[in-house]
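Enquirer: Below you'll find run.txt; it's compact mmCIF, C-alpha atoms and all ligand atoms.
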```txt
# COMPACT_ATOMS: atom_id res chain seq x y z
CA MET A 1 -27.61 -6.04 6.07
CA ASN A 2 -28.65 -2.97 4.06
CA GLU A 3 -27.90 -3.78 0.39
CA LYS A 4 -26.95 -0.14 -0.26
CA GLN A 5 -24.34 -0.10 2.48
CA PHE A 6 -20.74 0.22 1.19
CA ARG A 7 -18.77 -2.96 1.81
CA MET A 8 -15.08 -3.11 1.08
CA ASN A 9 -13.82 -5.71 -1.40
CA THR A 10 -10.14 -4.79 -1.25
CA MET A 11 -7.86 -7.57 -0.01
CA MET A 12 -5.37 -6.54 2.68
CA VAL A 13 -2.00 -8.30 2.63
CA ALA A 14 -0.01 -7.82 5.85
CA THR A 15 3.74 -8.47 5.84
CA ARG A 16 6.17 -8.37 8.74
CA ASN A 17 9.37 -7.08 7.13
CA VAL A 18 10.80 -5.81 3.85
CA LYS A 19 11.70 -9.35 2.70
CA GLU A 20 8.05 -10.43 2.98
CA TYR A 21 6.87 -7.08 1.56
CA ARG A 22 8.91 -7.61 -1.62
CA GLU A 23 8.04 -11.32 -1.84
CA THR A 24 4.44 -10.29 -2.53
CA ILE A 25 5.33 -8.41 -5.72
CA PRO A 26 5.44 -11.31 -8.25
CA VAL A 27 2.36 -12.82 -6.57
CA TRP A 28 0.14 -9.73 -6.33
CA VAL A 29 1.30 -7.36 -9.08
CA ASN A 30 0.47 -8.03 -12.73
CA LYS A 31 1.07 -6.31 -16.06
CA ASP A 32 -2.24 -4.39 -16.05
CA ASP A 33 -1.77 -2.87 -12.61
CA VAL A 34 -1.36 0.82 -11.80
CA VAL A 35 0.46 0.84 -8.47
CA LEU A 36 0.86 3.50 -5.79
CA VAL A 37 3.81 3.09 -3.43
CA ILE A 38 3.57 5.02 -0.15
CA GLY A 39 6.88 5.32 1.68
CA CYS A 40 9.19 4.69 -1.28
CA GLU A 41 12.37 5.96 0.41
CA TRP A 42 15.09 5.70 -2.30
CA GLY A 43 12.86 3.80 -4.71
CA THR A 44 14.19 0.25 -4.37
CA THR A 45 10.83 -1.48 -3.94
CA THR A 46 9.25 0.86 -6.51
CA GLN A 47 11.83 -0.24 -9.07
CA ILE A 48 11.09 -3.93 -8.40
CA ILE A 49 7.35 -3.29 -8.76
CA ALA A 50 7.92 -1.36 -12.02
CA ALA A 51 9.16 -4.53 -13.70
CA HIS A 52 5.80 -6.25 -13.03
CA CYS A 53 3.16 -3.59 -13.78
CA ARG A 54 1.85 -1.09 -16.34
CA GLU A 55 2.59 1.99 -14.25
CA VAL A 56 3.91 2.82 -10.78
CA ILE A 57 4.27 6.03 -8.79
CA GLY A 58 6.57 6.04 -5.76
CA THR A 59 5.77 8.59 -3.04
CA ASP A 60 7.36 9.63 0.23
CA ILE A 61 6.83 12.36 2.80
CA SER A 62 10.55 13.20 2.66
CA PRO A 63 11.62 15.51 -0.21
CA GLU A 64 15.21 14.30 0.29
CA CYS A 65 14.13 10.67 -0.25
CA VAL A 66 12.13 11.61 -3.34
CA GLN A 67 15.07 13.54 -4.78
CA ARG A 68 17.38 10.59 -4.19
CA ALA A 69 14.85 8.15 -5.67
CA ARG A 70 14.60 10.34 -8.79
CA GLU A 71 18.40 10.41 -9.13
CA ARG A 72 18.67 6.65 -8.72
CA HIS A 73 15.74 5.79 -10.98
CA PRO A 74 15.33 8.61 -13.53
CA ASP A 75 12.98 6.49 -15.64
CA LEU A 76 10.40 6.22 -12.80
CA ARG A 77 7.96 8.75 -11.34
CA PHE A 78 8.36 9.86 -7.71
CA GLU A 79 6.33 12.48 -5.83
CA VAL A 80 6.41 14.01 -2.34
CA LEU A 81 3.27 12.91 -0.49
CA ASP A 82 2.13 12.38 3.10
CA GLY A 83 0.44 8.98 2.93
CA PHE A 84 -2.20 10.12 5.42
CA ASP A 85 -3.29 12.83 2.96
CA VAL A 86 -5.50 10.63 0.77
CA ARG A 87 -6.86 13.71 -1.02
CA ALA A 88 -3.34 14.46 -2.28
CA ALA A 89 -3.00 10.84 -3.42
CA TYR A 90 -6.36 11.16 -5.23
CA ASN A 91 -5.07 14.32 -6.93
CA LEU A 92 -2.31 12.26 -8.59
CA GLY A 93 -5.16 11.47 -10.96
CA LYS A 94 -4.71 7.72 -11.28
CA GLN A 95 -7.06 4.80 -10.66
CA PHE A 96 -4.67 2.71 -8.60
CA THR A 97 -5.38 -1.02 -8.69
CA LYS A 98 -2.73 -1.95 -6.08
CA VAL A 99 -1.32 0.09 -3.22
CA TYR A 100 1.95 -0.71 -1.40
CA ILE A 101 2.45 0.92 2.01
CA ASP A 102 5.65 0.93 4.06
CA ILE A 103 5.86 4.01 6.22
CA SER A 104 8.04 4.34 9.27
CA GLY A 105 6.24 4.79 12.57
CA ILE A 106 3.31 2.43 11.96
CA SER A 107 4.99 -0.88 12.69
CA GLY A 108 4.48 -1.06 16.48
CA TYR A 109 1.48 -2.84 17.98
CA ARG A 110 0.12 0.46 19.39
CA SER A 111 -0.20 1.70 15.81
CA LEU A 112 -2.64 -1.01 14.76
CA LEU A 113 -5.66 1.31 14.64
CA ASP A 114 -3.72 3.89 12.62
CA VAL A 115 -2.83 1.17 10.09
CA ILE A 116 -6.42 -0.04 9.84
CA SER A 117 -7.73 3.49 9.42
CA LEU A 118 -5.13 4.21 6.69
CA LEU A 119 -6.04 1.00 4.83
CA ASN A 120 -9.73 1.80 5.16
CA MET A 121 -9.21 5.29 3.66
CA TYR A 122 -7.32 3.94 0.63
CA ALA A 123 -9.77 1.06 0.16
CA THR A 124 -12.71 3.49 0.20
CA VAL A 125 -11.25 6.16 -2.08
CA PHE A 126 -9.47 4.00 -4.70
CA ARG A 127 -11.19 0.61 -4.31
CA PRO A 128 -7.98 -1.18 -5.32
CA GLU A 129 -7.93 -4.96 -5.67
CA ALA A 130 -5.33 -5.18 -2.91
CA ILE A 131 -3.34 -3.13 -0.44
CA ILE A 132 -0.03 -4.64 0.63
CA VAL A 133 1.29 -3.19 3.87
CA LYS A 134 4.39 -3.71 5.97
CA SER A 135 2.93 -3.97 9.45
CA GLY A 136 3.86 -6.71 11.88
CA ALA A 137 1.00 -5.54 14.09
CA LEU A 138 -1.61 -6.07 11.36
CA LYS A 139 -0.12 -9.44 10.39
CA HIS A 140 -0.30 -10.61 14.01
CA PHE A 141 -3.87 -9.31 14.34
CA ALA A 142 -4.97 -10.92 11.05
CA ALA A 143 -3.43 -14.26 12.06
CA HIS A 144 -5.68 -14.23 15.11
CA CYS A 145 -8.90 -13.45 13.23
CA ILE A 146 -11.32 -16.06 11.90
CA ALA A 147 -14.16 -15.17 9.57
CA TRP A 148 -16.75 -17.52 11.02
CA ARG A 149 -18.70 -19.67 8.57
CA SER A 150 -21.69 -21.71 9.63
CA ASP A 151 -21.65 -25.35 8.46
CA SER A 152 -25.15 -25.07 6.99
C1 LIG B 1 11.38 1.87 5.72
S1 LIG B 1 11.25 3.17 4.56
C2 LIG B 1 10.51 2.39 3.15
C3 LIG B 1 11.48 1.56 2.33
C4 LIG B 1 10.87 0.99 1.07
N1 LIG B 1 9.78 0.08 1.40
C5 LIG B 1 11.85 0.20 0.23
O1 LIG B 1 11.84 -1.03 0.28
O2 LIG B 1 12.65 0.82 -0.48
C6 LIG B 1 9.94 4.10 5.25
C7 LIG B 1 9.69 5.42 4.52
O3 LIG B 1 8.46 5.95 4.99
C8 LIG B 1 8.53 7.36 4.81
N2 LIG B 1 7.39 7.95 5.54
C9 LIG B 1 7.25 8.13 6.88
N3 LIG B 1 6.04 8.69 7.15
C10 LIG B 1 5.41 8.84 5.95
C11 LIG B 1 4.14 9.34 5.57
N4 LIG B 1 3.26 9.82 6.46
N5 LIG B 1 3.83 9.34 4.25
C12 LIG B 1 4.70 8.87 3.33
N6 LIG B 1 5.92 8.38 3.63
C13 LIG B 1 6.27 8.37 4.93
C14 LIG B 1 9.92 7.71 5.31
O4 LIG B 1 10.34 8.95 4.82
C15 LIG B 1 10.73 6.52 4.77
O5 LIG B 1 11.36 6.85 3.55
```
I'd like the structure from this file rewritten - as structure tokens, please.
Ligand SMILES: C[S@@+](CC[C@H](N)C(=O)[O-])C[C@H]1O[C@@H](n2cnc3c(N)ncnc32)[C@H](O)[C@@H]1O
Expert:
Amino acid sequence: MNEKQFRMNTMMVATRNVKEYRETIPVWVNKDDVVLVIGCEWGTTTQIIAAHCREVIGTDISPECVQRARERHPDLRFEVLDGFDVRAAYNLGKQFTKVYIDISGISGYRSLLDVISLLNMYATVFRPEAIIVKSGALKHFAAHCIAWRSDS
């Protein structure tokens, strides 16, 4: 292995549904975290995260969702953002330590490679400690992976 080669240290946490997605918050989010939420819809999960961290920004591709989130949670920051546009996320100007991703259309098994490529982009650009994603496909895939360790 080339010592200069970039190797990702970000932990990926795959959840199957919104119940599991939100269950991770008290476990993975702490008071020093700056959190990016991708696919915030009306801001419900973003509000729960806000109670556990230093700062959170909720984002969604839908301007209508962002407007509704702002109306419901005027004390929180929401922005319109396509989660696949990592450059736009970078331009928010924050060093995110945790990223939460729940975007419609990436839950099916055929979307597994899209999910992995999205996680890889965020892990490379922000180097967060963890990315928590709602993806049954990734959870199933991860449950069938073993990182082999020799006994020696
Ligand atoms: C199931 S909802 C998320 C609900 C949220 N996790 C919660 O608990 O409140 C999925 C959201 O993903 C958004 N979305 C879909 N494609 C997106 C994309 N490319 N970038 C950002 N958001 C996207 C949709 O507009 C929708 O609001």
Enquirer: Might you pull out every residue within 9 Å of A:Asn9, with only C-alpha atoms counted and same-chain residues fewer than 6 positions away left off, and present them as a PyMOL selection string?
Expert: chain A and resi 123+127-130
Enquirer: Find, counting only C-alpha atoms and all ligand atoms, the residue in A:Ser62, A:Gln67, A:Ser111, A:Asn30 that gets nearest to ligand LIG 1 (chain B).
Expert: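 Nearest to ligand LIG 1 (chain B): A:Ser62.
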Enquirer: Rank nothing, just name the residue among A:Cys53, A:Leu119, A:Tyr100, A:Thr44 nearest to A:Lys134, using all atoms listed in the file.
Expert: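 The closest residue to A:Lys134 is A:Tyr100.
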Enquirer: Would you compute the distance between atom CA of A:Phe96 and atom O4 of ligand LIG 1 (chain B)? Give it in Å to one decimal.
Expert: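 Atom O4 of ligand LIG 1 (chain B) lies 21.1 Å from atom CA of A:Phe96.
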Enquirer: In Å, how far is it from atom CA of A:Ser104 to atom CA of A:Arg87?
Expert: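 Calculated distance between atom CA of A:Ser104 and atom CA of A:Arg87 is 20.4 Å.
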Enquirer: Could I get the residue neighbourhood of ligand LIG 1 (chain B) at 7 Å, counting all atoms listed in the file, as a PyMOL selection string?
Expert: chain A and resi 18+38-46+59-62+65+81-84+102-105
Enquirer: Can you tell me which residues surround A:Asp32 at a distance of at most 10 Å, considering all atoms listed in the file, apart from same-chain residues fewer than 3 positions away, and format the answer as a ChimeraX atom specification?
Expert: /A:29,35,52-55,97
Enquirer: Figure out the distance between atom CA of A:Gly136 and atom CA of A:Leu76, please, to one decimal in Å.
Expert: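 Those two atoms sit 28.6 Å apart.
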Enquirer: Which one is closest to A:Arg22: A:Leu36, A:Val99, A:Pro74, A:Ile132? Count only C-alpha atoms.
Expert: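 So, comparing all the options, the nearest one is A:Ile132.
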Enquirer: Measuring atom to atom with all atoms listed in the file, identify which of A:Tyr109, A:Trp148, A:Phe126, A:Tyr21 is nearest to A:Val34.
Expert: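 Using all atoms listed in the file, A:Val34 sits closest to A:Phe126.
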Enquirer: Counting only C-alpha atoms, which residue out of A:Cys145, A:Val86, A:Ile131, A:Leu113 sits closest to A:Met11?
Expert: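 The shortest atom-to-atom distance to A:Met11 comes from A:Ile131.
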Enquirer: Closest to A:Ile48 among A:Ser107, A:Thr24, A:Asn2, A:Thr124, using only C-alpha atoms?
Expert: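 Looking only at the distances to A:Ile48, the closest residue turns out to be A:Thr24.
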